[in-house]
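Undergrad: Below you'll find the structure I mean.
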Amino acid sequence: MTEFEKRYDGLTVEKQMQKYWEENKIYDFVPDKSRPLYSIDTPPPTVSGSLHIGHIFSYTQAEMIARYRRMCGYNVFYPFGFDDNGLPSERLVERETGIKACDIPRSEFCGKCIEVTQRYESEFMDLWKTMGFSCDWNLVYSTCSSNTQRLSQKSFLELAQKGHAYIKESPVLWCTECQTSIAQAELDSKELDTHFHYIPFTIDGEVLEIATTRPELLFGVVCVFVNPEDERYKDKVGKMVKVPLYDFEVPLLTDDKVAVDKGTGAVMCATFGDTTDVEWVESHALPYKKVVLPDGKIAADVPFIAGLRVKAARKEIIRLLEEKNLLIKSEQLTHIVSVHERCGTEVEIIPSRQWYIDVLSKREEMLAAGDKINWYPAQMKNRYVNWVENLKWDWCISRQRYFGIPFPVWYCKSCEKPVLASIDQLPVNPLETPYHGVCSCGCSEFVPEKAVFDTWATSSITPQLNLDTAENYGVDEGFMPMSMRTQAHEIIRTWAFYTIAKSLYHTGDIPWKDAMICGFVLAKPGEKISKSKSNSKLSPQQLIAQYSADAIRYWAANARLGTDMYFDIQDMQDSSRRLITKLWNSSKFVLSHLQDFDPAYQPAQILPADRWIIERTNQAILDVSRWLDEYEIGLARKIVDDLFWKDLCDNYIEIVKDRLYQPDIHGEEERKSAQYAIYYCLLSVLKMYAIYIPHETEYIYLKGFKDFVGEKSIHLTQWAKPMEIDGEIIRFGEILKDAIAEVRKYKSEKNLSMRTEIDNATVVCPENLKGLFLASEKDFMACSRAKEVIYKVEG
RNA sequence: GGACGAUUAGCUCAGUUGGUAGAGCGUCCGCUUGACGUGCGGAGGGUCAGCGGUUCAAGUCCGUUAUCGUCCACCA
């Protein structure tokens, strides 16, 4: 054993250990058919800004599982990735450079994107390494690499050929700020103050009051709806209604969806105010009147407000209505509107030609897939089910943006029919590669598709990306479904859902067997930590530099899976430092008594106290394994904490101390028995803690255990696999602890030192355990400093 | 409006086959114990949100109410 420093210097040790792991390739993936594969589908973090403590929290929890599985004998395949294309990254680049994508040539903007995202990625990677992540960094992928482009385009072509991906002209959710179509999953809701404006339409020369929040869409009104049961309007249904200000007429129709008690019970249907309008246009075969343009301005042919932005147009219309005495009243109203999650802009619905992936018709299959996956914690499945059941739109995958994977598609110049690239020419950018061929209509001129894939369209194939990587290592058979997916609960509706959808199309099966759904770190109730808010001023880098990675990891493990936590720096510091120091000191003590230890020597007899702590350790190993098999790293950690702190340190070590120090009194064989026990128990505790605090445990292992064990890293050692637990010896230990506690209480109440000698101490035990106590008499006397032991048999 | 979770000691939370309420922090008292005072021992502190039910027995199971939180839906 090398000397133990007086104090453990985590910051220095962590750098040393990381270097040691890298040099010795401790975590490199090596194909090995003799061991079962455990493959992990980790979220490639979106490169949209710097990482915060929340990322550390959830990624670390999953990383611990990788370590656990490795120590259980699995060949762990744990690649990492970066999701570095698409709108989130574009917005980062726009923020960083102050340049808007639409203001410079596309190629130039994409160049800036690559530059910025690469800078962030190297920052991410450094951070993960500093945290001691046991990934194989040779397996890193990026979602904008040319290989990913190839696989993503291939995925699209396969779906298009099977008819699961299709193009159609249709109303689509549209962000006028980002000027692109978006998907249902990208909506956030926001509470907004607005006004309900009561406007007089006319029917039969009578006024028909209609309340609306969007008067700027008056020109787009195609009909008015009332509920078929509404007595007030029964005799008017089918007649024409005149739209004020514009003085054109539209029919009065009925639909069940209209709420009788909302507003005046009459609704104007404008194309398109909301999703209900879209449904109505379809179900009632209504015409479309364009009002809002993709850039958020009012169309040129709309009188009074042409060219204005939506909000200005609304103001202007209200001014006009008031001027012409056409505004009956305005009520203040707070309602929730859908906004684009990336920029907070209220979404519009605008018809355009977009590519979709069919999900609506596959609900049943997707729900069945949800049933087949093991969700941890189980109730997270509800979120998935809830989402699938409430789908309203097929998944729109085309984005009118710049830095993304191009659609491998061209269109015939005359008939607009799309033609697809062939798989062997991927990756392809149609803007750079013309299509050579002849359309079925005879035309030989083609225009390239300018849109790019939604980022999720690519990140949803991470299992396929991982498979591609695995294939390069000669691993493919049985790779799918992967062992597990880890992610936070907020992206169940996006990443988990899309991955399952794609997997069903590509493999006909689920993408992974288990889904480990982590919680979130919040600054305080309801407040998410985000880089745009000041609550994230403590960057992970600063936290690590100040408190060490092990401290943060240990804290991050203190969570119930799927449950959100609040970040409290004091709490993190206190609990982690305590444990790290305790582990250091106890290891120092134990190893100082193992100088002459021979792991090959089996003592003739293991004393009862030693048998007890060994059995307790085995019991803990079983409990910890059971929790970790369910991804409950927090509950598992608690088991180790209790074993280590209470039983091993506070009791067992105190019990055997004297035996270790004084073989002349207790006997040499008895000392060897104690050595046998402390060696096994501390090593087991270190192994269990290794997944949480990999640096310190490795450092202690290298100092004191490596020579005994042989493996060059604690992280390559295997967990013991205890058999059945001996309940009798556990009971013996409990009673022994009680007896010691009685003595301690006595001394405490008398304000005596624990070293004070006492005349006698009593052990109350059942008859069948008395033999064990008699065999432990010297231990008990040494620990209690009692000159005599009195036995009371009970039970 | 729908779904899910939470409600246990002053604070943060454990308590997974129903069987005498637990930990850490904080408080109070004590102990310089040949690993650790960044420690150790002890004490105090809880009608386990309310109500009802099942049971010999309920923090634990069922029903219901309340409060908080999250996801989804409400956009006329």
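Chain identifiers are assigned as A, B, and so on, following the order in which chains appear in the structure tokens; residues are numbered from 1 within each chain, and ligands are numbered from 1 in order of appearance.
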Report the closest atom pair, with its distance in Å rounded to one decimal, for each residue of chain B that has an atom no farther than 8 Å from chain A; count only C-alpha atoms (C1' of nucleotides), sort by chain and then rising residue number, and write it as CSV.

TA:
```
residue,atom,partner,partner_atom,distance
B:A3,C1',A:Asn386,CA,7.2
B:C4,C1',A:Gln379,CA,6.9
B:A14,C1',A:Leu635,CA,8.0
B:G24,C1',A:Ser575,CA,7.7
B:G30,C1',A:Asn751,CA,5.3
B:C31,C1',A:Ser753,CA,5.0
B:U33,C1',A:Arg755,CA,5.7
B:A35,C1',A:Phe589,CA,4.2
B:C36,C1',A:Asn585,CA,5.2
B:U38,C1',A:Arg578,CA,6.4
B:G41,C1',A:Ser748,CA,6.1
B:G42,C1',A:Ser748,CA,5.4
B:G69,C1',A:Gly526,CA,7.5
B:C71,C1',A:Arg383,CA,6.5
B:C72,C1',A:Asn386,CA,6.8
B:C74,C1',A:Ile336,CA,7.8
B:C75,C1',A:Val337,CA,5.3
B:A76,C1',A:Val267,CA,5.3
```

Undergrad: For the selection just defined, write its residues with C-alpha atoms (C1' of nucleotides) to a file, as a short mmCIF file (atom, residue, chain, number, x, y, z; two decimals), in the first residue's frame.

TA:
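Final output, again-v7.cif:
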```
data_model
loop_
_atom_site.label_atom_id
_atom_site.label_comp_id
_atom_site.auth_asym_id
_atom_site.auth_seq_id
_atom_site.Cartn_x
_atom_site.Cartn_y
_atom_site.Cartn_z
"C1'" A B 3 -53.85 12.16 -16.96
"C1'" C B 4 -49.93 11.36 -13.55
"C1'" A B 14 -36.34 7.56 2.63
"C1'" G B 24 -29.24 13.77 6.81
"C1'" G B 30 -21.99 15.15 26.13
"C1'" C B 31 -17.17 12.74 24.44
"C1'" U B 33 -12.26 7.18 21.54
"C1'" A B 35 -9.20 6.29 10.60
"C1'" C B 36 -11.98 10.58 10.72
"C1'" U B 38 -15.03 17.83 7.92
"C1'" G B 41 -22.17 9.06 21.41
"C1'" G B 42 -26.85 10.59 23.22
"C1'" G B 69 -46.43 20.16 -8.86
"C1'" C B 71 -47.61 16.63 -18.70
"C1'" C B 72 -51.65 17.14 -22.13
"C1'" C B 74 -58.68 24.33 -23.70
"C1'" C B 75 -57.06 29.13 -28.40
"C1'" A B 76 -63.60 30.70 -31.57
#
```

Undergrad: Would you list the contacts of B:C62 as a list in words, taking every protein, DNA or RNA residue within 12 Å and counting only C-alpha atoms (C1' of nucleotides), but skipping same-chain residues closer than 6 positions in sequence?

TA: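 Residues near the query, excluding close chain neighbours: G52, G53, U54 and U55 of chain B.
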
Undergrad: Write a file of the selected residues as a PDB file, in the first residue's frame, keeping N, CA and C atoms (P, O5', C5', C4', C3', O3' and C1' of nucleotides).

TA:
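Generated output (again_26.pdb):
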```pdb
ATOM      1  P     G B  52     -63.801   9.629   9.856  1.00  0.00           P
ATOM      2  O5'   G B  52     -64.243   8.677   8.663  1.00  0.00           O
ATOM      3  C5'   G B  52     -65.627   8.578   8.315  1.00  0.00           C
ATOM      4  C4'   G B  52     -65.774   7.761   7.057  1.00  0.00           C
ATOM      5  C3'   G B  52     -65.355   6.299   7.142  1.00  0.00           C
ATOM      6  O3'   G B  52     -66.298   5.474   7.786  1.00  0.00           O
ATOM      7  C1'   G B  52     -64.536   7.233   5.143  1.00  0.00           C
ATOM      8  P     G B  53     -65.742   4.138   8.506  1.00  0.00           P
ATOM      9  O5'   G B  53     -65.323   3.217   7.267  1.00  0.00           O
ATOM     10  C5'   G B  53     -66.325   2.654   6.430  1.00  0.00           C
ATOM     11  C4'   G B  53     -65.685   1.922   5.284  1.00  0.00           C
ATOM     12  C3'   G B  53     -64.927   0.646   5.642  1.00  0.00           C
ATOM     13  O3'   G B  53     -65.801  -0.448   5.823  1.00  0.00           O
ATOM     14  C1'   G B  53     -63.658   1.922   4.111  1.00  0.00           C
ATOM     15  P     U B  54     -65.358  -1.641   6.782  1.00  0.00           P
ATOM     16  O5'   U B  54     -64.261  -2.379   5.905  1.00  0.00           O
ATOM     17  C5'   U B  54     -64.618  -3.105   4.728  1.00  0.00           C
ATOM     18  C4'   U B  54     -63.400  -3.756   4.137  1.00  0.00           C
ATOM     19  C3'   U B  54     -62.604  -4.624   5.103  1.00  0.00           C
ATOM     20  O3'   U B  54     -63.172  -5.917   5.229  1.00  0.00           O
ATOM     21  C1'   U B  54     -61.129  -3.204   3.913  1.00  0.00           C
ATOM     22  P     U B  55     -63.357  -6.514   6.672  1.00  0.00           P
ATOM     23  O5'   U B  55     -61.869  -6.772   7.152  1.00  0.00           O
ATOM     24  C5'   U B  55     -61.028  -7.684   6.439  1.00  0.00           C
ATOM     25  C4'   U B  55     -59.645  -7.598   7.000  1.00  0.00           C
ATOM     26  C3'   U B  55     -59.539  -7.752   8.514  1.00  0.00           C
ATOM     27  O3'   U B  55     -59.560  -9.114   8.898  1.00  0.00           O
ATOM     28  C1'   U B  55     -58.207  -5.930   7.781  1.00  0.00           C
TER      29        U B  55
END
```

Undergrad: Which residues, written as an MDAnalysis selection string, have at least one atom at most 7 Å from A:Phe479, with only C-alpha atoms (C1' of nucleotides) counted and residues fewer than 3 positions away on the same chain left out?

TA: chainID A and resid 467 476 482

Undergrad: Would you save the residues from that selection as a compact mmCIF listing (two decimals), in the first residue's frame, using N, CA and C atoms?

TA:
```txt
# COMPACT_ATOMS: atom_id res chain seq x y z
N LEU A 467 -26.35 1.49 -34.22
CA LEU A 467 -26.17 0.21 -34.90
C LEU A 467 -25.08 0.32 -35.96
N ASP A 476 -23.48 -6.73 -34.80
CA ASP A 476 -24.76 -6.35 -35.38
C ASP A 476 -25.88 -7.30 -34.96
N MET A 482 -32.12 -2.03 -28.76
CA MET A 482 -31.05 -1.71 -27.83
C MET A 482 -31.52 -2.01 -26.40
```

Undergrad: Within 9 Å of A:Tyr689, counting only C-alpha atoms (C1' of nucleotides), which residues qualify if same-chain residues fewer than 5 places away don't, as number ranges by chain?

TA: A: 637, 640-641, 684, 694, 697

Undergrad: Write out, as a PDB file, in the first residue's frame, the residues just selected, with all heavy atoms.

TA:
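Saved file selection.pdb follows:
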```pdb
ATOM      1  N   ARG A 637     -28.163   4.033  -3.662  1.00  0.00           N
ATOM      2  CA  ARG A 637     -27.124   4.751  -2.932  1.00  0.00           C
ATOM      3  C   ARG A 637     -27.417   4.765  -1.440  1.00  0.00           C
ATOM      4  O   ARG A 637     -26.524   4.643  -0.614  1.00  0.00           O
ATOM      5  CB  ARG A 637     -27.022   6.196  -3.434  1.00  0.00           C
ATOM      6  CG  ARG A 637     -25.712   6.869  -3.049  1.00  0.00           C
ATOM      7  CD  ARG A 637     -25.806   8.384  -3.106  1.00  0.00           C
ATOM      8  NE  ARG A 637     -26.391   8.919  -1.878  1.00  0.00           N
ATOM      9  CZ  ARG A 637     -26.557  10.217  -1.643  1.00  0.00           C
ATOM     10  NH1 ARG A 637     -26.200  11.105  -2.551  1.00  0.00           N
ATOM     11  NH2 ARG A 637     -27.091  10.625  -0.515  1.00  0.00           N
ATOM     12  N   VAL A 640     -26.198   1.664   0.212  1.00  0.00           N
ATOM     13  CA  VAL A 640     -24.748   1.655   0.431  1.00  0.00           C
ATOM     14  C   VAL A 640     -24.393   2.593   1.578  1.00  0.00           C
ATOM     15  O   VAL A 640     -23.577   2.261   2.440  1.00  0.00           O
ATOM     16  CB  VAL A 640     -23.978   2.101  -0.838  1.00  0.00           C
ATOM     17  CG1 VAL A 640     -22.493   1.774  -0.678  1.00  0.00           C
ATOM     18  CG2 VAL A 640     -24.529   1.431  -2.075  1.00  0.00           C
ATOM     19  N   ASP A 641     -25.010   3.763   1.581  1.00  0.00           N
ATOM     20  CA  ASP A 641     -24.733   4.734   2.643  1.00  0.00           C
ATOM     21  C   ASP A 641     -24.989   4.115   4.026  1.00  0.00           C
ATOM     22  O   ASP A 641     -24.186   4.253   4.934  1.00  0.00           O
ATOM     23  CB  ASP A 641     -25.629   5.972   2.494  1.00  0.00           C
ATOM     24  CG  ASP A 641     -25.166   6.870   1.343  1.00  0.00           C
ATOM     25  OD1 ASP A 641     -24.031   6.691   0.870  1.00  0.00           O
ATOM     26  OD2 ASP A 641     -25.952   7.743   0.931  1.00  0.00           O
ATOM     27  N   SER A 684     -16.011  -4.263  -1.213  1.00  0.00           N
ATOM     28  CA  SER A 684     -17.383  -4.303  -1.748  1.00  0.00           C
ATOM     29  C   SER A 684     -18.027  -2.924  -1.702  1.00  0.00           C
ATOM     30  O   SER A 684     -18.704  -2.509  -2.645  1.00  0.00           O
ATOM     31  CB  SER A 684     -18.235  -5.282  -0.939  1.00  0.00           C
ATOM     32  OG  SER A 684     -17.726  -6.582  -1.079  1.00  0.00           O
ATOM     33  N   PRO A 694     -16.491   7.694  -8.949  1.00  0.00           N
ATOM     34  CA  PRO A 694     -15.510   6.818  -9.614  1.00  0.00           C
ATOM     35  C   PRO A 694     -14.061   7.223  -9.367  1.00  0.00           C
ATOM     36  O   PRO A 694     -13.188   6.356  -9.395  1.00  0.00           O
ATOM     37  CB  PRO A 694     -15.867   6.949 -11.102  1.00  0.00           C
ATOM     38  CG  PRO A 694     -16.580   8.254 -11.218  1.00  0.00           C
ATOM     39  CD  PRO A 694     -17.318   8.440  -9.916  1.00  0.00           C
ATOM     40  N   THR A 697     -12.892   6.333  -5.443  1.00  0.00           N
ATOM     41  CA  THR A 697     -12.838   4.878  -5.249  1.00  0.00           C
ATOM     42  C   THR A 697     -11.689   4.269  -6.047  1.00  0.00           C
ATOM     43  O   THR A 697     -11.012   3.364  -5.570  1.00  0.00           O
ATOM     44  CB  THR A 697     -14.167   4.231  -5.680  1.00  0.00           C
ATOM     45  OG1 THR A 697     -14.513   4.692  -6.987  1.00  0.00           O
ATOM     46  CG2 THR A 697     -15.289   4.581  -4.717  1.00  0.00           C
TER      47      THR A 697
END
```

Undergrad: List as a ChimeraX atom specification the protein and nucleic acid residues near A:Ile725, meaning an atom at most 9 Å away when only C-alpha atoms (C1' of nucleotides) are counted, but skip any in the same chain fewer than 4 places from it.

TA: /A:615-616,618-619,729-730

Undergrad: Quick one: DSSP strand (DSSP E or B) residues in stretch 250-343 of chain A, as a ChimeraX atom specification?

TA: /A:250-254,266-270,292,297-298,309,329-340

Undergrad: Can you check which residues of stretch 495-707 of chain A DSSP gives as helix (DSSP H, G or I) on the backbone and send them as a ChimeraX atom specification?

TA: /A:495-507,534-536,540-547,549-556,569-592,608-629,633-661,663-666,668-690,694-707

Undergrad: Write out as a list in words each polymer residue whose atoms come within 10 Å of A:Leu538, counting only C-alpha atoms (C1' of nucleotides); drop sequence neighbours fewer than 4 positions from it.

TA: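 The contact residues come out as His52, Ile53, Ser534, Gln542, Leu543, Ile544 and Ile569 of chain A.
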